[in-house]
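Undergrad: Sharing a structure, written as structure tokens. Questions coming.
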Amino acid sequence: MTQNGDFQADFPVSAQELSDIMRCRREEAKDFIQQKYGGVLELCKKLRTSPNEGLPGTPEDIAKRQNVYGANVIPPKPAKSFLRLVWEALQDVTLIILEVAAIVSLILSLIPFSHEDDEHANRPEETNVEWIESVAIIVSVIVVVFVTAFNDYSKERQFRGLQSKIDTEHNFATIRNGETIQVPVSDLLVGDICQVKYGDHLPADGLIIQSSDLKLDESSLTGESDHIKKSADTDPTLLSGTNVMEGNAKMVIIAVGLNSQTGIIFKLLGAAKESKKDKKAVPVANLPTDNIALAKMKGDRAAVEVADAVPVPAPEEEEEGDGADRSVLQMKLTKLTIQIGKAGSIIAALTVLILITKFCVKTYGGSDPQPWRNSDLQRFVKFIITGVTVLVVAVPEGLPLAVTLSLAYSVKKMMLDNNLVRHLDACETMGNATAICSDKTGTLTTNRMTTVQTYIAGVHYKTVPKHTDMPERVISIISQGLALNSGYTSRIMASDKPGELPKQVGNKTECALLGFVNAIGLSYEKIREDNPEEHLHKVYTFNSARKSMSTVIRLRDGSGFRVHTKGASEWVMKSCDFIVGPNAEVLRFTEADEASLIRDVVEPMAHDGLRTIGSAYKDMIFEGKGKPGPNDQIITVEPNWADEDFCLGKMTMLGVFGIEDPVREEVPDAIRRCQKAGITVRMVTGDNINTARSIATKCGIIKPGDKMLIMEGKDFNTRVRDDQGIVRQALVDKIWPKLRVLARSSPQDKYVLVKGIIDSTVGTNREVVAVTGDGTNDGPALKKADVGFAMGITGTDVAKEASDIILTDDNFTSIVKACMWGRNVYDSIAKFLQFQLTVNVVAIIIAFVGACVIDDTPLRAVQMLWVNLLMDTLASLALATEPPTEDLLTRKPYGRTKPLISRTMMKNIIGQSIYQLTVIFVILFRGAQIFDIDDGASPGLVGRPNTHFTIVFNTFVLMTLFNEINARKIHGERNVFKGILRNWIFVAILVGTFISQILLVEFGGHVFQTSGLSIELWLYCLLFGVGTLVWQQLVATIPSRKIPKVLRWGKEVPEPQSKLLWMRNLTRVQQQLQVVNAFKVPRPVGETPTVVRDAEITDQVAESQPFLKGSAAEAVA
């Protein structure tokens, strides 16, 4: 028997049998379990687990269960090896054409040809260098392939790591060896006993052992939009991938990983995608899904698809759908690149037209017309290739790589600043944020709550009393209610380090109340030991509708039930008909008494910045049993616990607790930085208006005399709706500009506010809104926001899945850091644009003028490969890794319509282009006389390495290199060296490139078409390069406002339909260029070497698109 078979003998129930249970629904599942296994508890015995103690958690037991039932992981698609990526890079059509062109040229260059009609036929001694250029191109292709493969390999590793980080952040409350611990979802086992609570995202299939008021959202699997009630008696099955919307439960896991319902769906999706033949869709109705509809996965969320046959979209359809949500920066870059392509096309066409016209007039016209020769056709082909080369030079091919590098670098660094980025475009979008709607608790405050004031039995205690100072019966009921009417996962634990405050685990509000029980000299743990969680009769968990939590227990003498309630003080008061007064006397609680209690107790606490929690109870006594008091409710039979009005009404008010949650020390400064940066911070909280006002004042959100609005959710909801109860944008627009605090707000109020701000047209630019949320019902607002922040510590799984960024420390200052990184991404792209466009403008004009004036291009093919492959790639890395500075928060947000290229940037581009072109043209046309060297355009040197054109090439590269330093500043700063040593990558690339240039010039020879230069000539080249720094100081003196606004570029945001047009057109042009090269015959000695262009960047554009679109999960998949 196999090892797995030996393990199987330990468990009489197989994985397939457990999977069969999950095919049943509602009472059918209960009956099936009862008939086959004798109920859930008997099934637990067969799984060798205890409902109270859980699994032992020993390594041996874990290994056995994983061998028999599998691990709770969905195996990811295997990562591609580096060699596989190299092979895929070699499959690119443009690279294949380039390889073929180089090989054909190499073969033809080695075959001797007769040149009887060629003017250069009498110079055969130089034909032996023809093969060098072809070999250099082949080597360049190899470099391109390895660079592309390495980039892909690095990106895949990074984003797999990001996804792994997201996955490992997800823990689940599990009972192991009698203790409740947080276990990573990947470590969950069949037989584990888990505690399920409001807000959880279920990570495995299970059966309910016991539950209280449990409701689930199963829409992601079944398509049912209504919340489904679950209990051990009616519907015991809990499906993986569903969300807990109310209540709590204890469940036993019976299916994990690929055997769970989510795993089955992944298997079916994989099988459908692998086997699909139809271009449009493949129905998979015949697959064994039973009555569970297949969910179409979009990113990391499941979209509802209710149909008998679920189509799998074809690749074309998926591609179009994915382009709908792209960031503003991406759309601006797409528009900009299309415009550059059009400009390049015009210049390329003019180049070809001028070259052909000039050649025809010179050769076939004039006083001595020449007859047609075979080499003339080759000249015409060369003219076309030169024109297409001009077009390719015009495209900023390093731009997509710069975007990818900048985003990837920022995401990695943001993790260190407690920002776990789930969707990459959120990183850049956050830089344009104009408004932040923040929660209070835990985000602006420390979320370490302490009870500092109480009102009990008619006495307002400004400090925590001892239990002997209060009536015994009253404090007995209060301490019982606080200990039992809270999640048993909330507890106070001793600190790991002596002298530190005790650790608060679980809900911090409940921890403050439990701490009060301990502080008055009692023990909440002793009360819980006497009343285990499984003995609680009924639990009404907290939700946004009732604003309270209630727990029902049986009275020890069996005379009835006791209901404990706690929640927002105003809401608890509304359910009370009685109150415990001085000396524990029970009094009627009228509306006047309620108003008096709010005025004399609740509001003063709130003005002190305290959060007020009310506590109440009532005893429900069976008729004829016990001695009912005046505030007790008489019942004849056990109540219908679903009737909340009856069960939670006519309560007796016990007291009010004032809980302090101090403002984080760093928050006021962070909010001042936001306001200075042009970002409006609004507080949206569930606390009462006085507490909210106090905290907002301490934080600096509101200031005395600024006349900003502070509203309650109820008032806000009334004022934004018309007579028919419909929210009107015009009414929202009257409120949100001055609104700073929204108190007692519901998740619906938060959603209406966020949607209203985003949809508003009041300002000149659309507002970009960031929102924080931690609850399940915050999901809609997080989804609607431009950037949704979920709380990593207190946030529910549902909130985290709806978010774009997870704050791992729940701290507002981390949001400010995210804003700074977002602005840094935008600036990094702008820096590279400024640098790259200067290079392209100069290169295209040199190629155009050189071809038209001297019938030659001073920059050779392999030299262009060096400039484009290394200079662009390295420059994008250098400028994309600039760290952010506090200066980023001293300016207003760019806004959605801000031009990509500002007037200052355009001034720098034009200014540097003028300087570089002047220097290049002086050297090109007068360099031979100035430096006393041979003219590189003379017939004897055309096509051969020469000092003249080497000076042109070297000067161009050095000016570009020093201009890279200028490009670090895009807002008109004079000190371009400021902070340069903070970016060691930039310095290393600058030094490395300079050394590489020296080696290339001195030892490049025929391969790079260079000739070694003397020290004197090197100093001249270096002088011209350093001159760009001096020239930049002159450019900076020109006021940017003097530059016409028409020169700003990249303002328009294109429609999504223009998705990848520029890339497709660029690819076609490059392919046409390489096809022409493939059929090129060996060039006669003396003719100009054809400028051949690599297609490496096209691959990077296409490959980088998934990372620019959305989640890391999409990128990896």
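FYI, nothing fancy with the structure tokens labels: chains A, B, ... in order, residues from 1 per chain, ligands from 1 as they appear.
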Residues at most 9 Å from A:Thr441, counting only C-alpha atoms, excluding those fewer than 4 positions away in the same chain, as JSON, numbers by chain?
TA: {"A": [445, 446, 447, 661, 685]}
Undergrad: Using only C-alpha atoms, determine which residues lie at most 8 Å from A:Gly481, disregarding the query and same-chain residues fewer than 5 positions distant; provide the list as a ChimeraX atom specification.
TA: /A:564-565,615,617
Undergrad: Please measure the separation of atom CA of A:Gly629 and atom CA of A:Asn531, giving the value in Å to one decimal.
TA: 23.9 Å
Undergrad: For each of A:Thr918, A:Gln339, A:Asn954, A:Thr885, take the minimum atom-to-atom distance to A:Gly822, counting only C-alpha atoms, then give the residue where this is smallest.
TA: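 Selected residue with least distance to A:Gly822: A:Thr885.
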Undergrad: So which residues touch stretch 897-904 of chain A within 10 Å, counting only C-alpha atoms, skipping near sequence neighbours fewer than 2 positions away, as a PyMOL selection string?
TA: chain A and resi 328-329+332-333+336+764-766+826-827+829-831+833-834+893-895+906-909+970-972+1035-1036+1038-1053
Undergrad: Taking into account only C-alpha atoms, which residue in the set A:Gly1004, A:Gly487, A:Gly341, A:Gly257 is nearest to A:Val196?
TA: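 Of A:Gly1004, A:Gly487, A:Gly341, A:Gly257, the one nearest A:Val196 is A:Gly487, counting only C-alpha atoms.
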Undergrad: Please compute the atom CA of A:Phe835-atom CA of A:Ile951 distance, one decimal, in Å.
TA: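 For atom CA of A:Phe835 relative to atom CA of A:Ile951, the distance reads 21.6 Å.
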